[in-house]
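Here is the structure we will look at.
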Amino acid sequence: MEKRRFKVIDIDNSFVDKLVALFFSLFFLLASLVSALVVGEWGSVLKGLGTIISSPSPLVTDYFVLSSLPSSFLNAGLCGLSCTFLMFFLKAKCNFSTYAGFFLVVAHCFYGLNILNMWPPIVGLLVYSEVRREDFSDLLSVAFYSTAFGPFISEILFRYPLTSLGNGKFTISGIVIVILLTIALGFAIPAMLKGAKLLHREMSLYNGGLAFGLLGMFLYSFMYNILGVTPEKSITQSSILVSTKENFIFCNVFFFVVFFVAIIVGWYLNGHSFSGFEKLMKDPGFKSDFLEKYGDGVTMINLGVYGSMMVLYFDLCILLTDGVGWTGATCGIVLASVAFSASGQNAKNVWPVLSGYVLLYLLVLVITKIIGIPLPLTLSTQAYMNGAAFATGLCPFTGRYGKRYGVAAGFVSAVLCTATSVMHGGFMLYNGGLVAGLSAMILSPLIDHYRKGGDKGIEDMMD
């Protein structure tokens, strides 16, 4: 056994989850303050937050454009603190799932979720727990995931022609519909999460994306197609390069500071050592709980290293190809990409998936050059970057089957990522998770059928 000069600091994993949530929430608030002072928008931060709250927010509504960078970070900080408060107040036994749920909440606070529309789905789960006589604290991670339906709430309140007056004005009928939808979501979500695992065989870490995508498709079809309502387009055009040099610099500094601090904290908790991190990097990422297997220190190191890798990947995409820059969505997807860094994701099993995205881009580039048509997408197209961030949830393909299957999973996800948002109108925030789930549904049975050994591993995967 390795001799250490300093002892590993043993902290309850549940408490670590809460501290991570508090740490990021406070950093968001600090970033809001600093950015407001830097860009000289201190007097309009609260007004900008009001604009975020009172606007519809389908994918991809860039809060940097709709409002401002300081207001967006303030929104993320408030939503993060709300989640942190629930963790502590409910004395919840948090785990890797709660950890992931927190990151998915704050991630979407930059492009679709806000301190108003996050609450109705959570209340719906509270109603469900009371009716079913279940402990709400045990459903806290599910409640966090349910905020993916936030844009449906904002749409009904502020833009949907049958329930709102438009221009940020809501009606009594809109409030009633939101209440009914809240209750319906509360009872539908827990059941659908269980069923989705059977569909993708747990080969996608973003289980909620598939479940919620199917439910979102049903809601969107009823609200618009069945009732004959013409849907509005997204209120911001993410296909236009709207990011500034200042946004690029600020977001990079913010993330590298946060992830560097995470590495240092992890090193400290791990007895002033990186011991165990190499073992984590070899983990296949299938049904993994890094906090339980490797400890909170090593898990924090993984968060910092893996998060830094994702920032560098997006930087390269932005610098080397034409598309968007550091928009609100780009900022958010960095946080979404690390959501499962405590339960499966690491730099080693994720890079093959990202390579699948690069492979498809290069293939499309060659085809368009040969036949002489314009290049329809690049590595920095917003939908493509969003898809890549969530495709990291397909990392079990790398760990379970090998690198080439990880590349294949990324390739399939890259093909699908620009097509699925029309299924739910952009009103379900986990579109990338939906893509990952569909990709797993397509690829997993093919691999199991044709690889050596045939289907004999399927039953094991379903245990």
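Chain lettering (A, B, ...) mirrors the order of the structure tokens, residue numbering begins at 1 for each chain separately, and ligand numbering begins at 1 in order of display.
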### Task
Tell me which protein, DNA and RNA residues are within 12 Å of A:Thr381, counting only C-alpha atoms, leaving out same-chain ones fewer than 5 positions away, and put them as a ChimeraX atom specification.
/A:60,237-241,314,317-318,320-327,329-330,357,361,375-376,386-388,414,417-418
#### Entry: Near-A:Asn207 list (9 Å; only C-alpha atoms; drop same-chain fewer than 2 positions) as a ChimeraX atom specification
/A:193-194,196-197,200,202-205,209-212,433-434,436-437
### Message
Using only C-alpha atoms for the distances, tell me which of A:Ser341, A:Ser413, A:Asn117, A:Ser67 is nearest to A:Leu359.
### Response
A:Ser413
### Query
Got a sec: who's within 12 Å of A:Ile264, counting only C-alpha atoms, leaving out chain neighbours fewer than 5 positions off, as a PyMOL selection string?
chain A and resi 257-259+269-274+297-305
#### Entry: Within 6 Å of A:Gly80 using only C-alpha atoms, minus same-chain residues under 3 positions, as a PyMOL selection string
chain A and resi 25+76-77+83+106
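Between atom CA of A:Ile183 and atom CA of A:Val123 there is a distance of 8.0 Å.
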### Task
Run DSSP on the backbone and grab whatever in stretch 199-429 of chain A lands in helix (DSSP H, G or I); send it over as a ChimeraX atom specification.
/A:199-200,207-226,245-269,277-281,290-294,296-320,328-337,347-371,382-401,403-416,421-424
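Take atom CA of A:Ser141 and atom CA of A:Phe102: the distance between them is 7.7 Å.
Interatomic distance, atom CA of A:Ser35 against atom CA of A:Phe64: 11.8 Å.
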### Query
Could you pull the residues within 10 Å of A:Thr171, counting only C-alpha atoms, minus those fewer than 4 positions along the same chain, as a VMD selection string?
chain A and resid 156 to 158 162 to 166 175 to 177
### Message
Report as a PyMOL selection string all protein, DNA and RNA residues lying within 10 Å of A:Pro190, evaluated on only C-alpha atoms, omitting residues in the same chain fewer than 2 positions from it.
### Response
chain A and resi 125+128+139+142-143+146+185-188+192-195+208+211
### Summary
Closest of A:Ser380, A:Thr392, A:Thr368, A:Ser82 to A:Gln345, counting only C-alpha atoms, is A:Thr392
### Task
May I have the residues within 10 Å of A:Leu30 as a ChimeraX atom specification, using only C-alpha atoms and disregarding those fewer than 3 positions away in the same chain?
/A:24-27,33-36,70,73-74,77,254
For the residues selected in the previous step, produce a file with N, CA, C and O atoms as an mmCIF file, in the first residue's frame.
```cif
data_model
loop_
_atom_site.group_PDB
_atom_site.id
_atom_site.type_symbol
_atom_site.label_atom_id
_atom_site.label_comp_id
_atom_site.auth_asym_id
_atom_site.auth_seq_id
_atom_site.Cartn_x
_atom_site.Cartn_y
_atom_site.Cartn_z
ATOM 1 N N PHE A 24 -19.946 25.923 -6.831
ATOM 2 C CA PHE A 24 -20.245 26.434 -8.161
ATOM 3 C C PHE A 24 -21.248 27.579 -8.114
ATOM 4 O O PHE A 24 -21.120 28.551 -8.866
ATOM 5 N N SER A 25 -22.236 27.487 -7.246
ATOM 6 C CA SER A 25 -23.249 28.546 -7.149
ATOM 7 C C SER A 25 -22.608 29.872 -6.751
ATOM 8 O O SER A 25 -22.926 30.925 -7.323
ATOM 9 N N LEU A 26 -21.724 29.827 -5.773
ATOM 10 C CA LEU A 26 -21.053 31.049 -5.329
ATOM 11 C C LEU A 26 -20.129 31.594 -6.415
ATOM 12 O O LEU A 26 -20.001 32.816 -6.579
ATOM 13 N N PHE A 27 -19.488 30.716 -7.161
ATOM 14 C CA PHE A 27 -18.628 31.166 -8.256
ATOM 15 C C PHE A 27 -19.442 31.847 -9.348
ATOM 16 O O PHE A 27 -18.982 32.812 -9.968
ATOM 17 N N LEU A 33 -20.848 39.389 -10.587
ATOM 18 C CA LEU A 33 -20.348 40.655 -10.042
ATOM 19 C C LEU A 33 -19.146 41.154 -10.844
ATOM 20 O O LEU A 33 -19.096 42.321 -11.259
ATOM 21 N N VAL A 34 -18.186 40.271 -11.066
ATOM 22 C CA VAL A 34 -16.964 40.664 -11.781
ATOM 23 C C VAL A 34 -17.272 41.095 -13.210
ATOM 24 O O VAL A 34 -16.787 42.127 -13.687
ATOM 25 N N SER A 35 -18.098 40.314 -13.914
ATOM 26 C CA SER A 35 -18.412 40.642 -15.306
ATOM 27 C C SER A 35 -19.190 41.949 -15.410
ATOM 28 O O SER A 35 -18.998 42.722 -16.357
ATOM 29 N N ALA A 36 -20.059 42.210 -14.432
ATOM 30 C CA ALA A 36 -20.813 43.462 -14.435
ATOM 31 C C ALA A 36 -19.877 44.652 -14.273
ATOM 32 O O ALA A 36 -20.050 45.699 -14.920
ATOM 33 N N PRO A 70 -23.522 39.269 -17.340
ATOM 34 C CA PRO A 70 -23.705 39.326 -15.878
ATOM 35 C C PRO A 70 -25.054 38.786 -15.414
ATOM 36 O O PRO A 70 -25.137 38.072 -14.415
ATOM 37 N N PHE A 73 -25.088 34.911 -15.553
ATOM 38 C CA PHE A 73 -24.388 34.291 -14.435
ATOM 39 C C PHE A 73 -25.173 34.462 -13.131
ATOM 40 O O PHE A 73 -25.167 33.577 -12.273
ATOM 41 N N LEU A 74 -25.851 35.595 -12.990
ATOM 42 C CA LEU A 74 -26.693 35.788 -11.806
ATOM 43 C C LEU A 74 -27.827 34.775 -11.798
ATOM 44 O O LEU A 74 -28.149 34.188 -10.748
ATOM 45 N N GLY A 77 -26.434 31.495 -10.763
ATOM 46 C CA GLY A 77 -26.126 31.495 -9.340
ATOM 47 C C GLY A 77 -27.362 31.323 -8.474
ATOM 48 O O GLY A 77 -27.362 30.560 -7.501
ATOM 49 N N PHE A 254 -13.001 32.036 -16.404
ATOM 50 C CA PHE A 254 -13.919 31.522 -15.388
ATOM 51 C C PHE A 254 -13.783 30.011 -15.245
ATOM 52 O O PHE A 254 -13.589 29.491 -14.138
#
```
### Message
With distances taken over only C-alpha atoms, which residue among A:Asn75, A:Leu104, A:Ser44, A:Lys93 lies nearest A:Leu29?
### Response
A:Asn75
